[in-house]
Protein chains: 2
Amino acid sequence: MSRKQSVTDSDVGDMLTQKGYRRTAGRMALLEILSKTRRPLSIAEIIRLWKKDPLDQATLYRALEDFARTGVVHRSDLNTGTARYEYLHGRPHHHHLVCAKCELVEDVEVCVITEAQKKVLQRSSSFTAVYSHNLEFFGLCTACSKV
Amino acid sequence: MSRKQSVTDSDVGDMLTQKGYRRTAGRMALLEILSKTRRPLSIAEIIRLWKKDPLDQATLYRALEDFARTGVVHRSDLNTGTARYEYLHGRPHHHHLVCAKCELVEDVEVCVITEAQKKVLQRSSSFTAVYSHNLEFFGLCTACSKV
DNA sequence: ACACTAATGCGAATCATTCGCAATAAAACC
DNA sequence: GGTTTTATTGCGAATGATTCGCATTAGTGT
Ligand SMILES: [Zn+2]
Ligand SMILES: [Zn+2]
Ligand SMILES: [Zn+2]
Ligand SMILES: [Zn+2]
């Protein structure tokens with residue numbers, strides 16, 4: 001009776017079709033991994049979670065960049081040297097809390113920047129539009145603060 | 001009568017001495033370039049502004065990392081793929097406005113995050129401290145918005 | 001089944017940044 | 001001044017992340 005898994009699978013597939021992508025095994029698996037994780041994943045983490053056969057990193061990079069370009073996933077650079085990709089689950093954009101020691105990443109759902117962004121534009125001398133912002137917080141997670 | 005240039009020079013040298021660095025021609029020239037520019041400079045920009053003889057990028061990277069570690073300059077990663085370094089002129093930290101097309105960078109002097117940062121920590125489930133944040137705004141500069 | 005083209009796989013290339021190590025040259029010491 | 005100590009340099013080579021070129025494979029629509 002439980003159709004949850006298959007529904008999820010077909011959801012991911014439908015999403016691919018809707019966005020004009022082809023429903024390939026690789027991109028299905030990639031979206032599965034991303035959609036099951038509610039935080040940005042690095043390439044290394046994705047590779048670790050990868051269960052399908054071989055995995056070519058060029059293909060992986062291309063799929064991720066492809067998804068990011070159409071907003072299917074969001075790419076964030078958290079000053080850790082490598083990009084991370086996150087499935088947004090339909091949520092609006094949000095921010096992150098990054099442990100300076102172990103690079104643990106936690107989602108920060110609230111955004112307090114929207115009005116400030118308008119002020120930034122007003123005060124700017126050489127910009128005519130501000131479309132978006134990146135905001136990351138850095139600190140120590142519980143585990144790392146004990147050491 | 002005008003001692004401005006020489007005073008600036010010796011200031012930069014004094015700063016090196018105070019921080020325990022050696023007063024070398026290279027690091028003097030580097031600090032000159034950084035201190036004369038009120039926005040973060042990429043390595044490529046620094047090389048372009050470099051007037052001294054040859055310039056070894058390993059040496060440059062090491063000096064910049066060295067300066068950043070002791071707070072002489074601030075390193076910022078603005079999602080442009082390359083790090084930028086900025087002399088703070090004693091100012092508190094601030095944020096940036098980045099043109100999505102040409103990567104023009106403008107300083108945003110105000111910071112509206114301080115109180116929000118406390119809230120983020122309170123709401124966090126796995127962090128015990130938040131020390132800092134990065135905030136960058138992305139938009140279009142006047143020149144790029146005309147095209 | 002066929003045509004069209006997105007997506008893949010492979011290797012090699014590129015780009016930013018870092019490393020190893022011997023050579024230099026400040027700063028400190030006699 | 002001459003000597004020691006050690007930061008800094010210079011060079012080349014390594015690393016690591018990301019991208020490119022191109023032939024091959026495989027969805028999708030007809
Ligand atoms: Zn997130
Ligand atoms: Zn926001
Ligand atoms: Zn700045
Ligand atoms: Zn701030």
# chains A, B, ... in the order shown; residues from 1 in each chain; ligands from 1
$ residues_near_ligand --ligand "ligand 3" --cutoff "9 Å" --atoms "only C-alpha atoms (C1' of nucleotides) and all ligand atoms" --output "PyMOL selection string"
chain B and resi 38-40+74+76+85-88+93-97+105-109
$ interface_residues --of "chain B" --to "chain D" --cutoff "10 Å" --atoms "only C-alpha atoms (C1' of nucleotides)" --output "list of chain:residue names"
B:Gly20, B:Tyr21, B:Arg22, B:Thr24, B:Gly26, B:Arg27, B:Leu55, B:Asp56, B:Gln57, B:Ala58, B:Thr59, B:Leu60, B:Arg62, B:Ala63
$ write_last_selection --atoms "N, CA and C atoms" --output "PDB file, in the first residue's frame"
ATOM      1  N   GLY B  20      55.155  42.481  13.275  1.00  0.00           N
ATOM      2  CA  GLY B  20      56.176  41.457  13.343  1.00  0.00           C
ATOM      3  C   GLY B  20      56.642  40.940  11.989  1.00  0.00           C
ATOM      4  N   TYR B  21      56.242  41.629  10.934  1.00  0.00           N
ATOM      5  CA  TYR B  21      56.702  41.237   9.608  1.00  0.00           C
ATOM      6  C   TYR B  21      57.998  41.956   9.294  1.00  0.00           C
ATOM      7  N   ARG B  22      58.699  41.451   8.306  1.00  0.00           N
ATOM      8  CA  ARG B  22      59.908  42.138   7.878  1.00  0.00           C
ATOM      9  C   ARG B  22      59.561  43.165   6.817  1.00  0.00           C
ATOM     10  N   THR B  24      60.099  44.258   3.842  1.00  0.00           N
ATOM     11  CA  THR B  24      60.693  43.952   2.533  1.00  0.00           C
ATOM     12  C   THR B  24      60.054  44.803   1.448  1.00  0.00           C
ATOM     13  N   GLY B  26      58.897  43.961  -1.424  1.00  0.00           N
ATOM     14  CA  GLY B  26      57.697  43.348  -1.969  1.00  0.00           C
ATOM     15  C   GLY B  26      56.467  43.593  -1.117  1.00  0.00           C
ATOM     16  N   ARG B  27      56.583  43.333   0.162  1.00  0.00           N
ATOM     17  CA  ARG B  27      55.415  43.502   1.034  1.00  0.00           C
ATOM     18  C   ARG B  27      55.056  44.968   1.213  1.00  0.00           C
ATOM     19  N   LEU B  55      57.044  39.403 -10.504  1.00  0.00           N
ATOM     20  CA  LEU B  55      56.106  39.131  -9.411  1.00  0.00           C
ATOM     21  C   LEU B  55      55.804  37.646  -9.409  1.00  0.00           C
ATOM     22  N   ASP B  56      56.210  37.012  -8.349  1.00  0.00           N
ATOM     23  CA  ASP B  56      55.950  35.580  -8.245  1.00  0.00           C
ATOM     24  C   ASP B  56      54.645  35.358  -7.527  1.00  0.00           C
ATOM     25  N   GLN B  57      53.754  34.601  -8.149  1.00  0.00           N
ATOM     26  CA  GLN B  57      52.432  34.475  -7.555  1.00  0.00           C
ATOM     27  C   GLN B  57      52.436  33.679  -6.260  1.00  0.00           C
ATOM     28  N   ALA B  58      53.345  32.746  -6.129  1.00  0.00           N
ATOM     29  CA  ALA B  58      53.414  32.005  -4.862  1.00  0.00           C
ATOM     30  C   ALA B  58      53.756  32.959  -3.726  1.00  0.00           C
ATOM     31  N   THR B  59      54.716  33.829  -3.971  1.00  0.00           N
ATOM     32  CA  THR B  59      55.089  34.819  -2.964  1.00  0.00           C
ATOM     33  C   THR B  59      53.913  35.736  -2.645  1.00  0.00           C
ATOM     34  N   LEU B  60      53.224  36.148  -3.685  1.00  0.00           N
ATOM     35  CA  LEU B  60      52.077  37.026  -3.497  1.00  0.00           C
ATOM     36  C   LEU B  60      51.004  36.344  -2.653  1.00  0.00           C
ATOM     37  N   ARG B  62      51.376  33.938  -0.595  1.00  0.00           N
ATOM     38  CA  ARG B  62      51.823  33.733   0.775  1.00  0.00           C
ATOM     39  C   ARG B  62      51.734  35.007   1.587  1.00  0.00           C
ATOM     40  N   ALA B  63      52.114  36.124   0.996  1.00  0.00           N
ATOM     41  CA  ALA B  63      52.052  37.391   1.715  1.00  0.00           C
ATOM     42  C   ALA B  63      50.601  37.732   2.059  1.00  0.00           C
TER      43      ALA B  63
END
$ interface_residues --of "chain C" --to "chain B" --cutoff "12 Å" --atoms "only C-alpha atoms (C1' of nucleotides)" --output "PDB file with all heavy atoms, in the first residue's frame"
ATOM      1  P    DC C  15      42.721  29.371 -18.273  1.00  0.00           P
ATOM      2  OP1  DC C  15      42.179  30.254 -19.324  1.00  0.00           O
ATOM      3  OP2  DC C  15      44.188  29.285 -18.042  1.00  0.00           O
ATOM      4  O5'  DC C  15      42.035  29.770 -16.895  1.00  0.00           O
ATOM      5  C5'  DC C  15      41.011  28.957 -16.336  1.00  0.00           C
ATOM      6  C4'  DC C  15      41.113  28.999 -14.814  1.00  0.00           C
ATOM      7  O4'  DC C  15      41.520  27.692 -14.336  1.00  0.00           O
ATOM      8  C3'  DC C  15      42.143  29.990 -14.269  1.00  0.00           C
ATOM      9  O3'  DC C  15      41.488  30.881 -13.383  1.00  0.00           O
ATOM     10  C2'  DC C  15      43.180  29.131 -13.558  1.00  0.00           C
ATOM     11  C1'  DC C  15      42.392  27.865 -13.246  1.00  0.00           C
ATOM     12  N1   DC C  15      43.232  26.649 -13.156  1.00  0.00           N
ATOM     13  C2   DC C  15      42.959  25.696 -12.174  1.00  0.00           C
ATOM     14  O2   DC C  15      42.014  25.912 -11.391  1.00  0.00           O
ATOM     15  N3   DC C  15      43.718  24.591 -12.091  1.00  0.00           N
ATOM     16  C4   DC C  15      44.728  24.414 -12.949  1.00  0.00           C
ATOM     17  N4   DC C  15      45.444  23.306 -12.827  1.00  0.00           N
ATOM     18  C5   DC C  15      45.033  25.364 -13.969  1.00  0.00           C
ATOM     19  C6   DC C  15      44.268  26.460 -14.040  1.00  0.00           C
ATOM     20  P    DA C  16      42.387  32.049 -12.647  1.00  0.00           P
ATOM     21  OP1  DA C  16      41.565  33.274 -12.673  1.00  0.00           O
ATOM     22  OP2  DA C  16      43.771  32.077 -13.164  1.00  0.00           O
ATOM     23  O5'  DA C  16      42.423  31.498 -11.158  1.00  0.00           O
ATOM     24  C5'  DA C  16      41.205  31.313 -10.468  1.00  0.00           C
ATOM     25  C4'  DA C  16      41.464  30.558  -9.187  1.00  0.00           C
ATOM     26  O4'  DA C  16      42.140  29.323  -9.488  1.00  0.00           O
ATOM     27  C3'  DA C  16      42.336  31.300  -8.183  1.00  0.00           C
ATOM     28  O3'  DA C  16      41.737  31.233  -6.910  1.00  0.00           O
ATOM     29  C2'  DA C  16      43.674  30.558  -8.243  1.00  0.00           C
ATOM     30  C1'  DA C  16      43.252  29.156  -8.640  1.00  0.00           C
ATOM     31  N9   DA C  16      44.259  28.397  -9.392  1.00  0.00           N
ATOM     32  C8   DA C  16      44.919  28.798 -10.515  1.00  0.00           C
ATOM     33  N7   DA C  16      45.771  27.906 -10.982  1.00  0.00           N
ATOM     34  C5   DA C  16      45.655  26.852 -10.094  1.00  0.00           C
ATOM     35  C6   DA C  16      46.294  25.594 -10.029  1.00  0.00           C
ATOM     36  N6   DA C  16      47.210  25.187 -10.911  1.00  0.00           N
ATOM     37  N1   DA C  16      45.950  24.770  -9.018  1.00  0.00           N
ATOM     38  C2   DA C  16      45.024  25.186  -8.130  1.00  0.00           C
ATOM     39  N3   DA C  16      44.364  26.346  -8.089  1.00  0.00           N
ATOM     40  C4   DA C  16      44.731  27.132  -9.107  1.00  0.00           C
ATOM     41  P    DT C  17      42.415  32.063  -5.704  1.00  0.00           P
ATOM     42  OP1  DT C  17      41.349  32.325  -4.726  1.00  0.00           O
ATOM     43  OP2  DT C  17      43.219  33.165  -6.240  1.00  0.00           O
ATOM     44  O5'  DT C  17      43.389  30.964  -5.064  1.00  0.00           O
ATOM     45  C5'  DT C  17      42.807  29.735  -4.628  1.00  0.00           C
ATOM     46  C4'  DT C  17      43.891  28.757  -4.253  1.00  0.00           C
ATOM     47  O4'  DT C  17      44.653  28.358  -5.415  1.00  0.00           O
ATOM     48  C3'  DT C  17      44.921  29.292  -3.241  1.00  0.00           C
ATOM     49  O3'  DT C  17      44.817  28.529  -2.053  1.00  0.00           O
ATOM     50  C2'  DT C  17      46.250  29.126  -3.953  1.00  0.00           C
ATOM     51  C1'  DT C  17      45.935  28.036  -4.969  1.00  0.00           C
ATOM     52  N1   DT C  17      46.827  27.964  -6.148  1.00  0.00           N
ATOM     53  C2   DT C  17      47.495  26.790  -6.389  1.00  0.00           C
ATOM     54  O2   DT C  17      47.392  25.801  -5.670  1.00  0.00           O
ATOM     55  N3   DT C  17      48.315  26.796  -7.503  1.00  0.00           N
ATOM     56  C4   DT C  17      48.510  27.849  -8.381  1.00  0.00           C
ATOM     57  O4   DT C  17      49.269  27.734  -9.337  1.00  0.00           O
ATOM     58  C5   DT C  17      47.772  29.060  -8.071  1.00  0.00           C
ATOM     59  C7   DT C  17      47.900  30.286  -8.952  1.00  0.00           C
ATOM     60  C6   DT C  17      46.974  29.050  -6.982  1.00  0.00           C
ATOM     61  P    DT C  18      45.796  28.757  -0.864  1.00  0.00           P
ATOM     62  OP1  DT C  18      45.049  28.504   0.380  1.00  0.00           O
ATOM     63  OP2  DT C  18      46.516  30.016  -1.067  1.00  0.00           O
ATOM     64  O5'  DT C  18      46.823  27.547  -1.097  1.00  0.00           O
ATOM     65  C5'  DT C  18      46.313  26.246  -1.279  1.00  0.00           C
ATOM     66  C4'  DT C  18      47.468  25.259  -1.372  1.00  0.00           C
ATOM     67  O4'  DT C  18      48.134  25.423  -2.643  1.00  0.00           O
ATOM     68  C3'  DT C  18      48.539  25.413  -0.291  1.00  0.00           C
ATOM     69  O3'  DT C  18      48.775  24.128   0.259  1.00  0.00           O
ATOM     70  C2'  DT C  18      49.746  25.968  -1.044  1.00  0.00           C
ATOM     71  C1'  DT C  18      49.526  25.415  -2.438  1.00  0.00           C
ATOM     72  N1   DT C  18      50.103  26.189  -3.554  1.00  0.00           N
ATOM     73  C2   DT C  18      50.935  25.546  -4.441  1.00  0.00           C
ATOM     74  O2   DT C  18      51.238  24.378  -4.337  1.00  0.00           O
ATOM     75  N3   DT C  18      51.405  26.335  -5.474  1.00  0.00           N
ATOM     76  C4   DT C  18      51.123  27.668  -5.686  1.00  0.00           C
ATOM     77  O4   DT C  18      51.603  28.276  -6.639  1.00  0.00           O
ATOM     78  C5   DT C  18      50.245  28.283  -4.714  1.00  0.00           C
ATOM     79  C7   DT C  18      49.874  29.721  -4.853  1.00  0.00           C
ATOM     80  C6   DT C  18      49.783  27.520  -3.716  1.00  0.00           C
ATOM     81  P    DC C  19      49.724  23.976   1.540  1.00  0.00           P
ATOM     82  OP1  DC C  19      49.049  23.022   2.429  1.00  0.00           O
ATOM     83  OP2  DC C  19      50.145  25.305   2.038  1.00  0.00           O
ATOM     84  O5'  DC C  19      51.002  23.264   0.911  1.00  0.00           O
ATOM     85  C5'  DC C  19      50.793  22.366  -0.169  1.00  0.00           C
ATOM     86  C4'  DC C  19      52.107  21.739  -0.603  1.00  0.00           C
ATOM     87  O4'  DC C  19      52.597  22.442  -1.763  1.00  0.00           O
ATOM     88  C3'  DC C  19      53.223  21.783   0.436  1.00  0.00           C
ATOM     89  O3'  DC C  19      53.918  20.548   0.400  1.00  0.00           O
ATOM     90  C2'  DC C  19      54.079  22.955  -0.029  1.00  0.00           C
ATOM     91  C1'  DC C  19      53.901  22.903  -1.540  1.00  0.00           C
ATOM     92  N1   DC C  19      54.009  24.224  -2.222  1.00  0.00           N
ATOM     93  C2   DC C  19      54.700  24.314  -3.433  1.00  0.00           C
ATOM     94  O2   DC C  19      55.217  23.303  -3.894  1.00  0.00           O
ATOM     95  N3   DC C  19      54.781  25.516  -4.053  1.00  0.00           N
ATOM     96  C4   DC C  19      54.192  26.591  -3.517  1.00  0.00           C
ATOM     97  N4   DC C  19      54.290  27.743  -4.177  1.00  0.00           N
ATOM     98  C5   DC C  19      53.482  26.505  -2.286  1.00  0.00           C
ATOM     99  C6   DC C  19      53.410  25.322  -1.674  1.00  0.00           C
ATOM    100  P    DT C  24      71.470  33.128  -4.135  1.00  0.00           P
ATOM    101  OP1  DT C  24      71.819  33.574  -5.483  1.00  0.00           O
ATOM    102  OP2  DT C  24      72.522  32.642  -3.191  1.00  0.00           O
ATOM    103  O5'  DT C  24      70.689  34.332  -3.440  1.00  0.00           O
ATOM    104  C5'  DT C  24      69.557  34.047  -2.658  1.00  0.00           C
ATOM    105  C4'  DT C  24      68.713  35.301  -2.473  1.00  0.00           C
ATOM    106  O4'  DT C  24      67.778  35.003  -1.409  1.00  0.00           O
ATOM    107  C3'  DT C  24      69.478  36.529  -1.982  1.00  0.00           C
ATOM    108  O3'  DT C  24      68.726  37.693  -2.320  1.00  0.00           O
ATOM    109  C2'  DT C  24      69.554  36.284  -0.484  1.00  0.00           C
ATOM    110  C1'  DT C  24      68.183  35.644  -0.201  1.00  0.00           C
ATOM    111  N1   DT C  24      68.213  34.592   0.864  1.00  0.00           N
ATOM    112  C2   DT C  24      67.216  34.616   1.808  1.00  0.00           C
ATOM    113  O2   DT C  24      66.323  35.446   1.809  1.00  0.00           O
ATOM    114  N3   DT C  24      67.314  33.627   2.752  1.00  0.00           N
ATOM    115  C4   DT C  24      68.274  32.648   2.847  1.00  0.00           C
ATOM    116  O4   DT C  24      68.245  31.817   3.748  1.00  0.00           O
ATOM    117  C5   DT C  24      69.297  32.675   1.819  1.00  0.00           C
ATOM    118  C7   DT C  24      70.399  31.665   1.842  1.00  0.00           C
ATOM    119  C6   DT C  24      69.219  33.646   0.888  1.00  0.00           C
ATOM    120  P    DA C  25      69.371  39.142  -1.956  1.00  0.00           P
ATOM    121  OP1  DA C  25      68.839  40.126  -2.921  1.00  0.00           O
ATOM    122  OP2  DA C  25      70.838  39.003  -1.746  1.00  0.00           O
ATOM    123  O5'  DA C  25      68.704  39.411  -0.535  1.00  0.00           O
ATOM    124  C5'  DA C  25      67.286  39.559  -0.447  1.00  0.00           C
ATOM    125  C4'  DA C  25      66.924  39.871   0.991  1.00  0.00           C
ATOM    126  O4'  DA C  25      67.161  38.705   1.820  1.00  0.00           O
ATOM    127  C3'  DA C  25      67.783  40.971   1.606  1.00  0.00           C
ATOM    128  O3'  DA C  25      67.012  41.620   2.591  1.00  0.00           O
ATOM    129  C2'  DA C  25      68.896  40.192   2.295  1.00  0.00           C
ATOM    130  C1'  DA C  25      68.061  39.052   2.856  1.00  0.00           C
ATOM    131  N9   DA C  25      68.799  37.866   3.231  1.00  0.00           N
ATOM    132  C8   DA C  25      69.972  37.395   2.708  1.00  0.00           C
ATOM    133  N7   DA C  25      70.403  36.281   3.273  1.00  0.00           N
ATOM    134  C5   DA C  25      69.439  36.004   4.231  1.00  0.00           C
ATOM    135  C6   DA C  25      69.303  34.976   5.164  1.00  0.00           C
ATOM    136  N6   DA C  25      70.180  33.975   5.288  1.00  0.00           N
ATOM    137  N1   DA C  25      68.225  35.001   5.974  1.00  0.00           N
ATOM    138  C2   DA C  25      67.347  36.010   5.845  1.00  0.00           C
ATOM    139  N3   DA C  25      67.376  37.037   4.991  1.00  0.00           N
ATOM    140  C4   DA C  25      68.450  36.974   4.212  1.00  0.00           C
ATOM    141  P    DA C  26      66.773  43.188   2.403  1.00  0.00           P
ATOM    142  OP1  DA C  26      66.261  43.453   1.068  1.00  0.00           O
ATOM    143  OP2  DA C  26      67.987  43.890   2.891  1.00  0.00           O
ATOM    144  O5'  DA C  26      65.617  43.435   3.461  1.00  0.00           O
ATOM    145  C5'  DA C  26      65.986  43.568   4.765  1.00  0.00           C
ATOM    146  C4'  DA C  26      64.939  42.988   5.679  1.00  0.00           C
ATOM    147  O4'  DA C  26      65.211  41.576   5.872  1.00  0.00           O
ATOM    148  C3'  DA C  26      65.060  43.648   7.026  1.00  0.00           C
ATOM    149  O3'  DA C  26      63.818  43.670   7.670  1.00  0.00           O
ATOM    150  C2'  DA C  26      66.076  42.758   7.743  1.00  0.00           C
ATOM    151  C1'  DA C  26      65.844  41.384   7.121  1.00  0.00           C
ATOM    152  N9   DA C  26      67.085  40.649   6.854  1.00  0.00           N
ATOM    153  C8   DA C  26      68.010  40.876   5.881  1.00  0.00           C
ATOM    154  N7   DA C  26      69.022  40.025   5.901  1.00  0.00           N
ATOM    155  C5   DA C  26      68.730  39.183   6.959  1.00  0.00           C
ATOM    156  C6   DA C  26      69.397  38.057   7.503  1.00  0.00           C
ATOM    157  N6   DA C  26      70.550  37.581   7.021  1.00  0.00           N
ATOM    158  N1   DA C  26      68.838  37.446   8.558  1.00  0.00           N
ATOM    159  C2   DA C  26      67.677  37.910   9.038  1.00  0.00           C
ATOM    160  N3   DA C  26      66.941  38.951   8.613  1.00  0.00           N
ATOM    161  C4   DA C  26      67.536  39.544   7.560  1.00  0.00           C
ATOM    162  P    DA C  27      63.665  44.738   8.815  1.00  0.00           P
ATOM    163  OP1  DA C  27      62.202  44.966   8.928  1.00  0.00           O
ATOM    164  OP2  DA C  27      64.585  45.861   8.561  1.00  0.00           O
ATOM    165  O5'  DA C  27      64.161  43.976  10.124  1.00  0.00           O
ATOM    166  C5'  DA C  27      63.456  42.816  10.521  1.00  0.00           C
ATOM    167  C4'  DA C  27      64.198  42.101  11.629  1.00  0.00           C
ATOM    168  O4'  DA C  27      65.368  41.450  11.103  1.00  0.00           O
ATOM    169  C3'  DA C  27      64.668  42.997  12.775  1.00  0.00           C
ATOM    170  O3'  DA C  27      64.194  42.416  13.976  1.00  0.00           O
ATOM    171  C2'  DA C  27      66.198  42.975  12.673  1.00  0.00           C
ATOM    172  C1'  DA C  27      66.447  41.645  11.988  1.00  0.00           C
ATOM    173  N9   DA C  27      67.647  41.560  11.156  1.00  0.00           N
ATOM    174  C8   DA C  27      68.060  42.444  10.195  1.00  0.00           C
ATOM    175  N7   DA C  27      69.175  42.093   9.584  1.00  0.00           N
ATOM    176  C5   DA C  27      69.510  40.897  10.190  1.00  0.00           C
ATOM    177  C6   DA C  27      70.589  40.011   9.995  1.00  0.00           C
ATOM    178  N6   DA C  27      71.555  40.206   9.091  1.00  0.00           N
ATOM    179  N1   DA C  27      70.627  38.907  10.753  1.00  0.00           N
ATOM    180  C2   DA C  27      69.653  38.703  11.658  1.00  0.00           C
ATOM    181  N3   DA C  27      68.586  39.466  11.936  1.00  0.00           N
ATOM    182  C4   DA C  27      68.586  40.555  11.161  1.00  0.00           C
TER     183       DA C  27
END
$ interface_residues --of "chain B" --to "chain A" --cutoff "8 Å" --atoms "only C-alpha atoms" --output "number ranges by chain"
B: 77, 79, 99, 106, 108, 112, 116-117, 120, 124, 126-142, 145
$ write_last_selection --atoms "N, CA, C and O atoms" --output "compact mmCIF listing (two decimals), in the first residue's frame"
# COMPACT_ATOMS: atom_id res chain seq x y z
N ASP B 77 35.50 36.16 -0.39
CA ASP B 77 35.19 35.33 -1.54
C ASP B 77 33.80 35.74 -2.01
O ASP B 77 32.82 35.50 -1.32
N ASN B 79 32.01 34.78 -4.61
CA ASN B 79 31.38 33.87 -5.57
C ASN B 79 31.78 34.20 -7.01
O ASN B 79 31.02 33.94 -7.93
N CYS B 99 28.56 43.25 -9.16
CA CYS B 99 27.83 43.22 -10.43
C CYS B 99 27.89 41.82 -11.01
O CYS B 99 28.96 41.24 -11.18
N GLU B 106 31.54 47.06 -5.15
CA GLU B 106 31.39 48.31 -4.41
C GLU B 106 31.25 47.98 -2.93
O GLU B 106 30.63 46.99 -2.56
N VAL B 108 29.78 48.21 0.75
CA VAL B 108 28.53 48.54 1.44
C VAL B 108 28.90 48.74 2.91
O VAL B 108 29.18 47.77 3.61
N VAL B 112 23.64 45.39 8.85
CA VAL B 112 22.37 45.29 9.56
C VAL B 112 22.19 43.89 10.13
O VAL B 112 21.08 43.49 10.45
N ALA B 116 20.55 40.23 14.05
CA ALA B 116 20.04 39.01 13.42
C ALA B 116 20.94 37.83 13.74
O ALA B 116 20.47 36.71 13.91
N GLN B 117 22.22 38.09 13.83
CA GLN B 117 23.18 37.01 14.09
C GLN B 117 22.88 36.33 15.43
O GLN B 117 22.98 35.11 15.56
N VAL B 120 19.93 34.08 15.01
CA VAL B 120 20.30 32.86 14.28
C VAL B 120 20.87 31.83 15.26
O VAL B 120 20.52 30.65 15.21
N SER B 124 19.31 28.15 16.33
CA SER B 124 20.07 27.01 15.81
C SER B 124 19.94 25.80 16.71
O SER B 124 19.84 25.91 17.93
N SER B 126 22.19 23.10 16.43
CA SER B 126 23.45 22.39 16.61
C SER B 126 24.68 23.28 16.63
O SER B 126 25.79 22.82 16.43
N PHE B 127 24.48 24.56 16.89
CA PHE B 127 25.62 25.46 16.99
C PHE B 127 25.64 26.11 18.37
O PHE B 127 24.58 26.39 18.95
N THR B 128 26.83 26.36 18.87
CA THR B 128 26.94 27.01 20.18
C THR B 128 27.49 28.42 20.08
O THR B 128 27.53 29.14 21.07
N ALA B 129 27.96 28.80 18.92
CA ALA B 129 28.50 30.15 18.78
C ALA B 129 28.45 30.58 17.32
O ALA B 129 28.59 29.75 16.42
N VAL B 130 28.21 31.85 17.12
CA VAL B 130 28.29 32.43 15.77
C VAL B 130 29.22 33.62 15.87
O VAL B 130 28.94 34.57 16.60
N TYR B 131 30.31 33.53 15.18
CA TYR B 131 31.33 34.57 15.30
C TYR B 131 31.28 35.63 14.22
O TYR B 131 31.61 36.78 14.45
N SER B 132 30.90 35.22 13.03
CA SER B 132 30.97 36.19 11.93
C SER B 132 30.00 35.80 10.84
O SER B 132 29.31 34.79 10.92
N HIS B 133 29.95 36.63 9.84
CA HIS B 133 29.07 36.34 8.72
C HIS B 133 29.63 36.96 7.46
O HIS B 133 30.43 37.88 7.52
N ASN B 134 29.22 36.41 6.36
CA ASN B 134 29.52 37.00 5.06
C ASN B 134 28.20 37.41 4.44
O ASN B 134 27.24 36.66 4.48
N LEU B 135 28.19 38.57 3.88
CA LEU B 135 26.97 39.02 3.20
C LEU B 135 27.37 39.77 1.95
O LEU B 135 28.11 40.74 2.00
N GLU B 136 26.92 39.25 0.82
CA GLU B 136 27.19 39.94 -0.43
C GLU B 136 25.89 40.12 -1.19
O GLU B 136 25.03 39.25 -1.18
N PHE B 137 25.78 41.27 -1.82
CA PHE B 137 24.61 41.56 -2.64
C PHE B 137 25.01 41.46 -4.10
O PHE B 137 26.11 41.87 -4.48
N PHE B 138 24.10 40.96 -4.91
CA PHE B 138 24.39 40.83 -6.33
C PHE B 138 23.36 41.59 -7.16
O PHE B 138 22.17 41.57 -6.85
N GLY B 139 23.85 42.31 -8.15
CA GLY B 139 22.95 43.09 -8.98
C GLY B 139 23.62 43.48 -10.27
O GLY B 139 24.46 42.75 -10.78
N LEU B 140 23.24 44.63 -10.79
CA LEU B 140 23.85 45.12 -12.02
C LEU B 140 24.34 46.54 -11.81
O LEU B 140 23.60 47.38 -11.27
N CYS B 141 25.53 46.81 -12.25
CA CYS B 141 26.05 48.17 -12.14
C CYS B 141 25.49 49.01 -13.27
O CYS B 141 24.90 48.48 -14.23
N THR B 142 25.66 50.30 -13.16
CA THR B 142 25.07 51.21 -14.14
C THR B 142 25.49 50.86 -15.56
O THR B 142 24.66 50.80 -16.46
N SER B 145 23.91 47.56 -16.82
CA SER B 145 22.45 47.54 -16.97
C SER B 145 22.03 48.25 -18.25
O SER B 145 20.89 48.15 -18.67
$ atom_distance --atom1 "atom CA of B:Phe67" --atom2 "atom CA of B:Leu16"
9.4 Å
$ residues_around --residues "B:Ala29" --least-positions-apart "2" --cutoff "12 Å" --atoms "only C-alpha atoms (C1' of nucleotides)" --output "list in words"
Thr8, Asp9, Ser10, Val12, Gly13, Leu16, Arg23, Thr24, Ala25, Gly26, Arg27, Leu31, Glu32, Ile33, Leu34, Ser35, Lys36, Ile46, Ile47, Leu49, Trp50, Lys51, Lys52, Asp53, Leu55, Leu60 and Ala63 of chain B
$ write_last_selection --atoms "C-alpha atoms" --output "compact mmCIF listing (two decimals), in the first residue's frame"
# COMPACT_ATOMS: atom_id res chain seq x y z
CA THR B 8 52.39 56.95 3.72
CA ASP B 9 55.37 54.83 2.85
CA SER B 10 56.73 54.83 6.35
CA VAL B 12 53.06 51.01 5.68
CA GLY B 13 56.53 50.06 6.83
CA LEU B 16 54.76 45.74 8.93
CA ARG B 23 60.04 45.38 5.99
CA THR B 24 60.69 43.95 2.53
CA ALA B 25 60.28 45.81 -0.74
CA GLY B 26 57.70 43.35 -1.97
CA ARG B 27 55.41 43.50 1.03
CA LEU B 31 50.52 47.05 1.14
CA GLU B 32 50.82 50.27 -0.84
CA ILE B 33 48.57 48.89 -3.54
CA LEU B 34 46.05 47.50 -1.06
CA SER B 35 45.95 50.57 1.13
CA LYS B 36 45.35 52.88 -1.81
CA ILE B 46 46.90 43.26 -7.84
CA ILE B 47 49.18 41.88 -10.53
CA LEU B 49 48.65 47.27 -10.42
CA TRP B 50 52.07 45.85 -9.64
CA LYS B 51 54.89 48.13 -10.74
CA LYS B 52 57.84 46.42 -9.14
CA ASP B 53 59.99 44.03 -11.12
CA LEU B 55 56.11 39.13 -9.41
CA LEU B 60 52.08 37.03 -3.50
CA ALA B 63 52.05 37.39 1.72
$ select_by_dssp --residues "stretch 25-118 of chain B" --states "alpha helix (DSSP H)" --output "MDAnalysis selection string"
chainID B and resid 25:35 43:49 57:69 114:118
